[in-house]
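Undergrad: This is final.cif, which holds mmCIF, C-alpha atoms:
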```
data_coords
loop_
_atom_site.label_atom_id
_atom_site.label_comp_id
_atom_site.auth_asym_id
_atom_site.auth_seq_id
_atom_site.Cartn_x
_atom_site.Cartn_y
_atom_site.Cartn_z
CA MET A 591 -3.80 1.15 -17.03
CA THR A 592 -6.24 2.03 -14.26
CA LEU A 593 -8.18 -1.24 -14.59
CA THR A 594 -4.91 -3.19 -14.69
CA ALA A 595 -3.88 -1.48 -11.46
CA VAL A 596 -7.26 -2.22 -9.82
CA TRP A 597 -6.97 -5.94 -10.55
CA ALA A 598 -3.26 -6.08 -9.73
CA VAL A 599 -3.89 -4.63 -6.26
CA ALA A 600 -6.97 -6.80 -5.66
CA ALA A 601 -5.22 -10.00 -6.75
CA LYS A 602 -2.16 -9.14 -4.68
CA ASP A 603 -4.20 -8.46 -1.53
CA LEU A 604 -6.16 -11.69 -1.93
CA ARG A 605 -3.02 -13.73 -2.54
CA VAL A 606 -1.37 -12.23 0.54
CA GLU A 607 -4.48 -12.98 2.61
CA ILE A 608 -4.84 -16.54 1.36
CA ARG A 609 -1.22 -17.27 2.25
CA SER A 610 -1.20 -15.52 5.61
CA ARG A 611 -4.58 -17.08 6.57
CA TYR A 612 -5.19 -14.18 8.94
CA ALA A 613 -8.97 -14.14 8.45
CA LEU A 614 -9.22 -17.88 8.98
CA GLY A 615 -6.75 -18.09 11.82
CA SER A 616 -7.63 -15.01 13.80
CA VAL A 617 -10.70 -13.11 12.64
CA LEU A 618 -13.07 -16.06 12.21
CA PRO A 619 -12.39 -17.52 15.68
CA PHE A 620 -13.11 -14.06 17.07
CA ALA A 621 -16.52 -14.03 15.35
CA ALA A 622 -17.26 -17.55 16.57
CA THR A 623 -16.35 -16.68 20.16
CA MET A 624 -18.54 -13.60 20.04
CA LEU A 625 -21.51 -15.62 18.80
CA LEU A 626 -21.02 -18.26 21.48
CA ALA A 627 -20.76 -15.62 24.19
CA PHE A 628 -23.97 -13.95 23.09
CA GLY A 629 -25.68 -17.31 22.72
CA PHE A 630 -24.94 -18.21 26.33
CA ALA A 631 -25.80 -14.72 27.55
CA LEU A 632 -29.22 -14.80 25.89
CA GLY A 633 -30.06 -18.23 27.29
CA PRO A 634 -31.97 -21.15 25.78
CA ASN A 635 -34.99 -19.13 24.53
CA ARG A 636 -35.01 -20.25 20.87
CA LEU A 637 -37.34 -17.46 19.70
CA LEU A 638 -35.16 -14.79 21.32
CA LEU A 639 -32.03 -16.33 19.82
CA GLN A 640 -33.58 -16.33 16.35
CA GLN A 641 -34.78 -12.74 16.71
CA THR A 642 -31.34 -11.47 17.72
CA ALA A 643 -29.32 -13.73 15.42
CA PRO A 644 -29.32 -11.44 12.32
CA GLY A 645 -28.02 -8.55 14.42
CA LEU A 646 -25.33 -10.74 16.00
CA LEU A 647 -24.33 -12.05 12.59
CA TRP A 648 -23.66 -8.59 11.19
CA LEU A 649 -22.10 -7.24 14.37
CA ALA A 650 -19.68 -10.17 14.44
CA GLY A 651 -18.98 -9.50 10.76
CA LEU A 652 -18.47 -5.80 11.41
CA PHE A 653 -16.03 -6.16 14.30
CA ALA A 654 -14.08 -8.87 12.50
CA ALA A 655 -13.94 -6.72 9.36
CA VAL A 656 -12.58 -3.68 11.23
CA ASP A 657 -9.72 -5.85 12.49
CA LEU A 658 -9.16 -7.08 8.95
CA PHE A 659 -8.99 -3.55 7.49
CA HIS A 660 -6.45 -2.39 10.01
CA ARG A 661 -4.29 -5.46 9.53
CA SER A 662 -4.25 -5.21 5.74
CA TYR A 663 -2.64 -1.75 5.91
CA GLN A 664 -0.44 -2.40 8.92
CA THR A 665 1.61 -5.04 7.11
CA GLU A 666 2.15 -2.72 4.15
CA ALA A 667 3.18 0.14 6.40
CA ASP A 668 5.63 -2.03 8.34
CA THR A 669 7.43 -3.31 5.24
CA GLY A 670 7.31 -0.03 3.33
CA ALA A 671 5.16 -1.66 0.65
CA LEU A 672 2.72 1.24 1.03
CA ASP A 673 5.39 3.36 -0.69
CA SER A 674 5.10 1.14 -3.75
CA LEU A 675 1.40 1.94 -3.93
CA LEU A 676 2.00 5.64 -3.27
CA LEU A 677 4.75 5.96 -5.88
CA ALA A 678 2.91 4.03 -8.59
CA PRO A 679 2.09 6.31 -11.53
CA VAL A 680 -1.62 5.48 -11.41
CA HIS A 681 -4.71 7.26 -10.13
CA LYS A 682 -4.80 6.43 -6.43
CA GLY A 683 -8.51 5.72 -6.75
CA ALA A 684 -7.49 2.58 -8.66
CA VAL A 685 -5.43 1.43 -5.68
CA TYR A 686 -8.42 2.11 -3.43
CA LEU A 687 -10.82 0.14 -5.64
CA GLY A 688 -8.40 -2.79 -5.76
CA LYS A 689 -8.12 -2.86 -1.99
CA ALA A 690 -11.89 -2.48 -1.56
CA ILE A 691 -12.58 -5.38 -3.95
CA ALA A 692 -10.15 -7.66 -2.12
CA ALA A 693 -11.57 -6.60 1.26
CA ALA A 694 -15.14 -7.19 0.04
CA ALA A 695 -14.24 -10.72 -1.07
CA GLN A 696 -12.73 -11.43 2.35
CA VAL A 697 -15.68 -9.93 4.25
CA LEU A 698 -18.08 -11.89 2.04
CA VAL A 699 -16.35 -15.16 2.98
CA LEU A 700 -16.17 -14.06 6.61
CA VAL A 701 -19.87 -13.17 6.90
CA SER A 702 -20.88 -16.31 4.97
CA ALA A 703 -18.88 -18.50 7.35
CA THR A 704 -20.35 -16.60 10.31
CA ALA A 705 -23.84 -17.09 8.83
CA VAL A 706 -23.29 -20.85 8.79
CA MET A 707 -22.30 -20.68 12.47
CA VAL A 708 -25.40 -18.58 13.27
CA ALA A 709 -27.63 -21.03 11.43
CA LEU A 710 -26.17 -23.95 13.36
CA LEU A 711 -25.96 -22.32 16.80
CA PHE A 712 -29.18 -20.30 16.80
CA GLY A 713 -31.26 -22.39 14.41
CA LEU A 714 -31.78 -19.42 12.09
CA PRO A 715 -33.38 -20.55 8.80
CA LEU A 716 -31.25 -18.72 6.27
CA LEU A 717 -32.00 -20.66 3.12
CA ARG A 718 -35.58 -19.63 2.46
CA PHE A 719 -34.48 -17.01 -0.08
CA PRO A 720 -30.85 -17.92 -0.78
CA LEU A 721 -30.34 -15.55 -3.71
CA LEU A 722 -31.74 -12.54 -1.87
CA LEU A 723 -29.66 -13.45 1.18
CA LEU A 724 -26.57 -13.73 -1.00
CA LEU A 725 -27.33 -10.31 -2.50
CA THR A 726 -27.78 -8.84 0.99
CA THR A 727 -24.48 -10.34 2.12
CA LEU A 728 -22.71 -9.09 -1.00
CA LEU A 729 -24.03 -5.54 -0.70
CA GLY A 730 -23.32 -5.49 3.04
CA ALA A 731 -19.77 -6.74 2.48
CA VAL A 732 -19.15 -4.11 -0.20
CA GLY A 733 -20.44 -1.33 2.07
CA LEU A 734 -18.26 -2.38 5.00
CA SER A 735 -15.22 -2.80 2.77
CA ALA A 736 -15.69 0.46 0.89
CA LEU A 737 -15.52 2.41 4.13
CA GLY A 738 -13.00 0.16 5.88
CA SER A 739 -10.54 0.31 3.00
CA LEU A 740 -10.64 4.08 3.12
CA PHE A 741 -10.29 4.60 6.85
CA GLY A 742 -7.91 1.67 7.37
CA LEU A 743 -5.36 3.84 5.61
CA LEU A 744 -5.73 6.57 8.22
CA THR A 745 -4.62 4.25 10.98
CA VAL A 746 -1.23 3.74 9.36
CA MET A 747 -0.72 7.17 7.79
CA GLY A 748 -1.21 8.96 11.08
CA ARG A 749 -0.54 5.96 13.34
CA ARG A 750 -3.94 6.55 14.90
CA GLN A 751 -5.20 3.00 15.25
CA ALA A 752 -7.92 4.05 17.67
CA ALA A 753 -9.40 6.33 15.02
CA LEU A 754 -10.50 3.44 12.81
CA PRO A 755 -13.51 2.19 14.81
CA ILE A 756 -14.40 5.76 15.83
CA LEU A 757 -14.58 6.80 12.18
CA VAL A 758 -15.94 3.61 10.66
CA LEU A 759 -18.62 2.48 13.10
CA PRO A 760 -20.94 5.52 13.01
CA LEU A 761 -20.66 5.95 9.26
CA VAL A 762 -21.23 2.31 8.51
CA SER A 763 -24.39 2.12 10.65
CA PRO A 764 -26.82 2.50 7.72
CA VAL A 765 -25.17 -0.45 5.96
CA VAL A 766 -25.29 -2.62 9.08
CA ILE A 767 -28.92 -1.68 9.79
CA GLY A 768 -29.94 -2.36 6.19
CA ALA A 769 -28.18 -5.71 6.16
CA ILE A 770 -29.67 -6.73 9.53
CA ARG A 771 -33.22 -5.77 8.53
CA SER A 772 -32.98 -7.52 5.19
CA THR A 773 -31.47 -10.67 6.73
CA ALA A 774 -34.07 -10.73 9.52
CA THR A 775 -36.98 -10.37 7.11
CA LEU A 776 -35.67 -13.08 4.80
CA ALA A 777 -35.09 -15.43 7.77
CA GLN A 778 -38.72 -14.94 8.76
CA GLY A 779 -39.76 -16.24 5.36
CA SER A 780 -40.87 -12.89 3.99
CA THR A 781 -39.61 -10.51 1.32
CA ALA A 782 -41.72 -7.53 2.40
CA GLY A 783 -39.55 -4.42 2.53
CA VAL A 784 -36.42 -6.28 1.47
CA ALA A 785 -36.21 -4.41 -1.85
CA GLY A 786 -36.15 -1.13 0.08
CA TRP A 787 -33.33 -2.27 2.36
CA LEU A 788 -31.37 -3.58 -0.61
CA GLY A 789 -31.85 -0.17 -2.22
CA VAL A 790 -30.46 1.49 0.91
CA LEU A 791 -27.44 -0.83 0.83
CA LEU A 792 -26.87 -0.17 -2.86
CA ALA A 793 -27.08 3.60 -2.40
CA PHE A 794 -24.61 3.63 0.50
CA ASP A 795 -22.25 1.25 -1.33
CA ALA A 796 -22.21 3.56 -4.35
CA ALA A 797 -21.74 6.66 -2.19
CA PHE A 798 -18.90 5.11 -0.16
CA LEU A 799 -17.13 3.75 -3.24
CA ALA A 800 -17.39 7.06 -5.11
CA THR A 801 -16.14 9.00 -2.07
CA GLY A 802 -13.29 6.56 -1.55
CA TYR A 803 -12.25 6.73 -5.19
CA LEU A 804 -12.13 10.51 -5.08
CA VAL A 805 -10.50 11.14 -1.70
CA TYR A 806 -8.10 8.19 -1.37
CA GLY A 807 -5.37 10.05 -3.22
CA HIS A 808 -5.62 12.97 -0.79
CA LEU A 809 -5.27 10.61 2.17
CA ILE A 810 -2.33 8.58 0.90
CA GLU A 811 -0.36 11.53 -0.49
CA ASP A 812 1.88 13.53 1.79
CA MET B 297 20.39 26.83 -21.80
CA THR B 298 21.04 23.54 -19.99
CA PHE B 299 18.05 21.35 -19.20
CA HIS B 300 18.17 20.13 -15.64
CA VAL B 301 16.45 16.82 -14.95
CA VAL B 302 16.31 17.83 -11.29
CA GLU B 303 15.83 21.49 -10.49
CA LEU B 304 15.13 22.48 -6.90
CA ARG B 305 14.69 26.05 -5.72
CA ALA B 306 14.64 26.95 -2.02
CA VAL B 307 13.11 23.57 -1.20
CA THR B 308 12.38 23.20 2.48
CA ARG B 309 10.72 20.28 4.21
CA VAL B 310 9.51 20.69 7.76
CA PHE B 311 8.52 17.91 10.20
CA ASP B 312 6.78 18.97 13.40
CA GLY B 313 8.09 22.50 13.07
CA LEU B 314 11.70 21.43 12.46
CA PRO B 315 13.23 21.67 8.98
CA ALA B 316 14.72 18.35 7.79
CA VAL B 317 16.04 20.06 4.67
CA SER B 318 16.20 23.80 4.25
CA GLN B 319 16.56 26.20 1.30
CA ILE B 320 17.89 23.50 -1.01
CA ARG B 321 18.98 24.71 -4.42
CA LEU B 322 20.11 21.85 -6.59
CA ASP B 323 20.49 21.37 -10.33
CA VAL B 324 21.28 17.99 -11.82
CA THR B 325 21.83 17.51 -15.53
CA ALA B 326 20.93 14.35 -17.45
CA GLY B 327 23.44 11.54 -17.07
CA GLU B 328 25.03 12.87 -13.91
CA THR B 329 25.70 10.64 -10.93
CA VAL B 330 25.48 12.81 -7.84
CA TRP B 331 26.69 11.59 -4.47
CA LEU B 332 24.86 13.19 -1.54
CA CYS B 333 27.16 13.08 1.45
CA GLY B 334 26.42 13.83 5.04
CA SER B 335 26.12 12.36 8.48
CA ASN B 336 23.00 10.72 9.89
CA GLY B 337 20.17 13.22 10.13
CA SER B 338 21.70 15.63 7.64
CA GLY B 339 18.61 15.41 5.42
CA LYS B 340 19.85 13.12 2.63
CA SER B 341 16.92 10.69 2.80
CA THR B 342 14.37 13.49 3.07
CA LEU B 343 15.84 15.19 0.02
CA LEU B 344 15.63 11.98 -2.01
CA ARG B 345 12.03 11.40 -0.89
CA VAL B 346 11.11 14.94 -1.92
CA ILE B 347 12.62 14.38 -5.37
CA ALA B 348 10.80 11.02 -5.56
CA THR B 349 7.51 12.84 -4.70
CA ALA B 350 7.01 10.63 -1.64
CA LEU B 351 7.16 13.86 0.37
CA SER B 352 5.95 17.32 -0.63
CA PRO B 353 8.18 20.32 -0.10
CA THR B 354 6.77 22.51 2.65
CA PHE B 355 8.22 25.57 0.90
CA GLY B 356 10.02 26.14 -2.36
CA THR B 357 9.52 24.80 -5.84
CA GLY B 358 10.99 22.04 -7.91
CA ARG B 359 10.84 20.27 -11.23
CA VAL B 360 11.95 16.76 -12.10
CA LEU B 361 12.32 15.91 -15.78
CA GLY B 362 10.45 19.14 -16.42
CA PHE B 363 7.44 18.13 -14.32
CA ASP B 364 6.30 20.05 -11.26
CA LEU B 365 7.03 18.32 -7.95
CA ARG B 366 3.65 19.17 -6.48
CA HIS B 367 1.24 19.01 -9.39
CA GLU B 368 2.65 16.44 -11.81
CA ARG B 369 3.65 13.68 -9.45
CA ASP B 370 2.50 10.71 -11.50
CA GLU B 371 4.47 11.91 -14.52
CA ILE B 372 7.58 11.96 -12.35
CA ARG B 373 6.83 8.66 -10.63
CA GLY B 374 6.59 6.77 -13.89
CA ARG B 375 10.14 7.82 -14.80
CA LEU B 376 11.95 7.45 -11.50
CA GLU B 377 12.82 4.71 -9.01
CA LEU B 378 13.61 5.15 -5.34
CA LEU B 379 15.54 2.45 -3.50
CA GLY B 380 15.13 3.38 0.11
CA HIS B 381 15.80 1.93 3.55
CA GLN B 382 12.89 -0.50 3.29
CA SER B 383 12.70 -3.08 0.54
CA ARG B 384 8.93 -2.52 0.01
CA PHE B 385 8.12 -6.17 -0.75
CA TYR B 386 5.33 -8.44 0.41
CA GLY B 387 6.68 -11.30 2.52
CA GLU B 388 3.83 -13.63 1.56
CA LEU B 389 4.63 -13.27 -2.15
CA THR B 390 7.56 -14.84 -3.94
CA ALA B 391 10.31 -12.70 -5.44
CA LEU B 392 8.88 -13.20 -8.91
CA GLU B 393 5.31 -12.44 -7.80
CA ASN B 394 6.49 -9.24 -6.12
CA LEU B 395 8.22 -8.06 -9.29
CA ARG B 396 5.30 -9.02 -11.54
CA PHE B 397 2.85 -7.17 -9.28
CA LEU B 398 5.00 -4.05 -9.43
CA ALA B 399 5.38 -4.43 -13.20
CA ARG B 400 1.59 -4.39 -13.61
CA LEU B 401 1.22 -1.47 -11.21
CA TYR B 402 3.95 0.58 -12.88
CA GLY B 403 2.98 -0.29 -16.45
CA VAL B 404 6.10 -2.33 -17.22
CA ASP B 405 6.22 -5.56 -19.24
CA ALA B 406 5.99 -8.33 -16.61
CA GLY B 407 8.23 -10.47 -18.82
CA ARG B 408 11.16 -8.36 -17.66
CA ALA B 409 10.88 -9.69 -14.11
CA SER B 410 12.74 -12.98 -14.67
CA PRO B 411 15.76 -11.47 -16.49
CA ALA B 412 16.01 -8.82 -13.78
CA LEU B 413 16.12 -11.51 -11.10
CA GLU B 414 18.80 -13.33 -13.03
CA ARG B 415 20.95 -10.21 -13.23
CA VAL B 416 21.05 -9.88 -9.45
CA GLY B 417 21.64 -13.58 -8.88
CA LEU B 418 18.23 -14.37 -7.41
CA ASP B 419 16.87 -16.48 -10.27
CA GLU B 420 17.15 -19.68 -8.25
CA VAL B 421 15.01 -18.29 -5.43
CA GLY B 422 12.47 -16.58 -7.68
CA HIS B 423 9.70 -18.85 -6.42
CA VAL B 424 10.59 -18.47 -2.74
CA ARG B 425 8.55 -16.15 -0.53
CA THR B 426 10.49 -13.03 0.36
CA ALA B 427 9.62 -13.38 4.06
CA SER B 428 12.51 -15.85 4.27
CA PHE B 429 14.95 -13.51 2.48
CA SER B 430 17.89 -11.96 4.31
CA GLN B 431 18.38 -8.18 4.29
CA GLY B 432 20.99 -8.57 1.57
CA MET B 433 18.66 -10.63 -0.62
CA ARG B 434 15.94 -8.01 -0.24
CA GLN B 435 18.38 -5.33 -1.31
CA ARG B 436 19.27 -7.44 -4.35
CA LEU B 437 15.57 -7.80 -5.12
CA ALA B 438 15.19 -4.04 -4.88
CA LEU B 439 18.02 -3.70 -7.40
CA ALA B 440 16.15 -6.16 -9.63
CA ARG B 441 13.05 -3.97 -9.38
CA CYS B 442 15.11 -1.01 -10.47
CA GLN B 443 16.59 -2.90 -13.42
CA MET B 444 13.18 -4.20 -14.43
CA ARG B 445 11.75 -0.70 -14.56
CA ASP B 446 14.82 0.91 -16.17
CA PRO B 447 13.85 4.43 -15.05
CA GLU B 448 15.35 7.68 -16.30
CA ILE B 449 16.35 8.69 -12.76
CA VAL B 450 17.52 6.35 -10.01
CA LEU B 451 17.55 7.46 -6.39
CA LEU B 452 19.55 5.24 -4.03
CA ASP B 453 19.30 5.78 -0.30
CA GLU B 454 22.21 4.12 1.56
CA PRO B 455 22.41 1.40 -1.09
CA TYR B 456 25.33 -0.41 0.57
CA ALA B 457 23.64 -0.89 3.91
CA GLY B 458 23.42 -4.57 4.85
CA LEU B 459 25.10 -5.81 1.67
CA ASP B 460 27.89 -8.36 1.42
CA VAL B 461 30.86 -7.86 -0.90
CA ASP B 462 29.18 -9.55 -3.90
CA ALA B 463 26.05 -7.48 -3.54
CA ARG B 464 28.07 -4.27 -3.19
CA VAL B 465 29.56 -5.05 -6.56
CA LEU B 466 26.00 -5.21 -7.94
CA VAL B 467 25.37 -1.66 -6.75
CA ASP B 468 28.66 -0.51 -8.30
CA ASP B 469 27.67 -2.25 -11.55
CA LEU B 470 24.30 -0.51 -11.46
CA LEU B 471 26.02 2.87 -11.09
CA VAL B 472 28.43 2.17 -13.95
CA ASP B 473 25.66 0.77 -16.14
CA ALA B 474 23.38 3.74 -15.44
CA ALA B 475 26.16 6.20 -16.18
CA GLY B 476 27.03 4.35 -19.38
CA ARG B 477 23.47 4.59 -20.62
CA GLY B 478 23.04 8.24 -19.74
CA ARG B 479 20.76 7.67 -16.76
CA THR B 480 20.75 10.15 -13.91
CA VAL B 481 21.57 8.78 -10.46
CA LEU B 482 21.44 10.40 -7.04
CA VAL B 483 22.95 8.43 -4.18
CA ALA B 484 22.59 9.32 -0.52
CA SER B 485 25.31 7.70 1.51
CA HIS B 486 27.59 8.40 4.41
CA GLU B 487 30.20 6.28 2.65
CA PRO B 488 32.64 7.79 0.13
CA PRO B 489 31.83 7.23 -3.54
CA PRO B 490 33.38 3.92 -4.63
CA VAL B 491 33.47 4.17 -8.41
CA ASP B 492 34.69 6.58 -11.04
CA ALA B 493 31.18 6.91 -12.44
CA VAL B 494 30.33 9.55 -9.84
CA SER B 495 30.21 13.04 -11.35
CA ARG B 496 30.21 15.14 -8.21
CA ARG B 497 29.55 15.19 -4.53
CA VAL B 498 27.05 17.37 -2.73
CA PHE B 499 27.48 17.83 0.99
CA LEU B 500 24.55 18.22 3.34
CA GLU B 501 24.81 19.40 6.91
CA ALA B 502 21.84 20.01 9.18
CA GLY B 503 19.52 20.01 6.19
CA ARG B 504 21.48 22.50 4.09
CA ILE B 505 23.79 22.04 1.15
CA THR B 506 27.24 23.20 2.12
CA VAL B 507 30.09 22.90 -0.38
CA PRO B 508 29.65 21.03 -3.67
CA GLN B 509 32.96 19.47 -4.64
CA PRO B 510 34.23 17.66 -7.72
CA VAL B 511 35.30 14.07 -7.19
CA THR B 512 39.05 13.68 -6.97
CA PRO B 513 40.71 10.34 -7.48
#
```
Represent the structure contained in this file as structure tokens.
TA:
Amino acid sequence: MTLTAVWAVAAKDLRVEIRSRYALGSVLPFAATMLLAFGFALGPNRLLLQQTAPGLLWLAGLFAAVDLFHRSYQTEADTGALDSLLLAPVHKGAVYLGKAIAAAAQVLVLVSATAVMVALLFGLPLLRFPLLLLLTTLLGAVGLSALGSLFGLLTVMGRRQAALPILVLPLVSPVVIGAIRSTATLAQGSTAGVAGWLGVLLAFDAAFLATGYLVYGHLIED
Amino acid sequence: MTFHVVELRAVTRVFDGLPAVSQIRLDVTAGETVWLCGSNGSGKSTLLRVIATALSPTFGTGRVLGFDLRHERDEIRGRLELLGHQSRFYGELTALENLRFLARLYGVDAGRASPALERVGLDEVGHVRTASFSQGMRQRLALARCQMRDPEIVLLDEPYAGLDVDARVLVDDLLVDAAGRGRTVLVASHEPPPVDAVSRRVFLEAGRITVPQPVTP
């Protein structure tokens, strides 16, 4: 029953997102604009652009993802659909995991698309270790989504939209730093230290997911 | 000793220091259809949401189907359906997809979605996204959700709001059908009860139950 609920929520969220095209129509252009703005601000120094590109990639991904998390709950709150999740006779951790899985898939696509833009605009060589880069992106996306899916709920339960970035950004810093360091190292054609950063990402992903699973019910319940 | 499917004792719910319902004592036996009457703001919706476990009582205790309102919420939720002010559907999903999603989430056979749609006259728009549905169609879809789940207790909050004549008949049919099959129904409405299936009326005023009265023809 719990696994069925996890997949039902994840599939529903993804279907809603695919049809609304919010990430494509709104979030991705935001990431592209941010990259362009930074590109022009940093000037034509190719070395500087390449050095800062991994950081810009993950910052663009982070800000876009925060918008995505808020939006995914806002629609449910506006239509009352959040009540359907609340009143379902399932462990609320299952609802959380479903939402986190769907959010991770969206963030993965978002960061991947942003990575293509970074590679084209800043000339960042991202395909030297494609599997390790994919793993970094996956773990980074899971970390962002695990936390975003938890705190996104707070913005609609208490109508405190401003609280989302205040809560998410400091806590998610280790994930962003780990993803940036791993991406930067791989782009430089090295794997030195990457295993350590991937370990950091994995540890934070597990911690965030476990915390979310346990406390989500307390947040969504009255 | 009579078993009460709903048993509330001194239930009080406070919002921002103000009680929306206060010192509610209510017993409902299985198969009863109870009509909660009262003006806007009298606490009808809050009372239904407390029984549905969407809200916790601030004070007092309660049991629904023998389960504790605070500590056994999921046991209650699996046996009860609340049709509230909002339809609770996803506009990007079709009517059928919405029902099938809820079936999976609530542990109901998803094969019951299509017949439920047919019963409320929405079978021809089953593959249409609900974003394009009128308020009345959403209410019909909510009735379909209720019929698909076939819960032991049905809570209806202003079920006639926004409905045309045909759809109002659907609500009446639901009440008659539920009564006929021994289901318990609580309806919050400022309208008078329209069918003979109603067992009794309970009046709320400023969050308190005033005078329970039998229904007279």
Undergrad: Using the chain letters and residue numbers of this document, give as a PyMOL selection string the residues selected by the PyMOL selection byres ((chain B) within 8 of (chain A)).
TA: chain B and resi 348-352+369-374+382-386+388-389+397-398+400-403
Undergrad: Can you tell me which residues surround region 611-627 of chain A at a distance of at most 9 Å, considering only C-alpha atoms, apart from same-chain residues fewer than 2 positions away, and format the answer as a VMD selection string?
TA: chain A and resid 606 to 609 629 to 632 643 646 to 647 649 to 651 653 to 655 657 to 658 661 696 to 697 700 703 to 704 707 to 708 711
Undergrad: On this file, the PyMOL selection byres ((chain B and resi 427-437) around 6) gives some set of residues; write that set as an NGL selection string.
TA: :B and (383 or 387 or 416 or 425-426 or 438-440 or 458-459)
Undergrad: For the structure provided, state which residues fall under the PyMOL selection byres ((chain B and resi 502-506) around 9), and present them as a list in words.
TA: Thr308, Pro315, Ala316, Val317, Ser318, Gln319, Ile320, Arg321, Leu322, Gly334, Ser335, Gly337, Ser338, Gly339, Lys340, Thr342, Leu343, Val498, Phe499, Leu500, Glu501, Val507 and Pro508 of chain B
Undergrad: What does the distance between CA of Val483 (chain B) and CA of Val467 (chain B) come to in Å, to one decimal place?
TA: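 Separation of CA of Val483 (chain B) and CA of Val467 (chain B): 10.7 Å.
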Undergrad: Excluding region 723-727 of chain A and its own-chain neighbours fewer than 4 positions away, which residues fall within 10 Å of it when counting all atoms listed in the file? Please give them as a PyMOL selection string.
TA: chain A and resi 648+697-699+701-702+705+716-719+731-733+768-777+784-785+787-788+791-792
Undergrad: For Tyr806 (chain A), which residue out of A:Gly789, A:Pro644, A:Gly688, A:Pro634 is the nearest one, using all atoms listed in the file?
TA: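 Closest candidate: A:Gly688.
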Undergrad: May I ask which of the residues A:Val762, A:Val706, A:Val805, A:Ala600 is the closest one to Ala694 (chain A), counting only C-alpha atoms?
TA: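 Using only C-alpha atoms, Ala694 (chain A) sits closest to A:Ala600.
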Undergrad: In Å, rounded to a single decimal, give me how far CA of Ala800 (chain A) is from CA of Leu722 (chain A).
TA: 24.5 Å
Undergrad: Between B:Gly313, B:Gly476, B:Pro488, B:Pro455, which has the minimum distance to Gly380 (chain B) (counting all atoms listed in the file)?
TA: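 Looking at the shortest contact to Gly380 (chain B), the residue is B:Pro455.
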Undergrad: Calculate how many Å separate CA of Gly683 (chain A) from CA of Val404 (chain B), rounding to one decimal.
TA: 19.7 Å
Undergrad: For Leu734 (chain A), work out the shell of residues within 10 Å, counting all atoms listed in the file and skipping chain neighbours fewer than 4 positions away, then give it as a list in words.
TA: Gly651, Leu652, Ala655, Val656, Phe659, Ala690, Ala693, Ala694, Val697, Leu698, Leu729, Gly730, Gly738, Ser739, Val758, Leu759, Leu761, Val762, Ser763, Val765, Val766, Phe794, Asp795 and Phe798 of chain A
Undergrad: Please identify all polymer residues lying at most 9 Å from the point (10.5, 18.2, -17.4) (file coordinates), using all atoms listed in the file, and present the result as a PDB file with C-alpha atoms, in the coordinates of the input.
TA:
```pdb
ATOM      1  CA  PHE B 299      18.050  21.350 -19.200  1.00  0.00           C
ATOM      2  CA  HIS B 300      18.170  20.130 -15.640  1.00  0.00           C
ATOM      3  CA  VAL B 301      16.450  16.820 -14.950  1.00  0.00           C
ATOM      4  CA  VAL B 302      16.310  17.830 -11.290  1.00  0.00           C
ATOM      5  CA  ARG B 359      10.840  20.270 -11.230  1.00  0.00           C
ATOM      6  CA  VAL B 360      11.950  16.760 -12.100  1.00  0.00           C
ATOM      7  CA  LEU B 361      12.320  15.910 -15.780  1.00  0.00           C
ATOM      8  CA  GLY B 362      10.450  19.140 -16.420  1.00  0.00           C
ATOM      9  CA  PHE B 363       7.440  18.130 -14.320  1.00  0.00           C
ATOM     10  CA  ASP B 364       6.300  20.050 -11.260  1.00  0.00           C
ATOM     11  CA  ILE B 372       7.580  11.960 -12.350  1.00  0.00           C
TER      12      ILE B 372
END
```
Undergrad: From the options A:Ala736, A:Leu639, A:Ala796, A:Leu743, which residue's atoms come nearest to Ala709 (chain A), counting only C-alpha atoms?
TA: A:Leu639
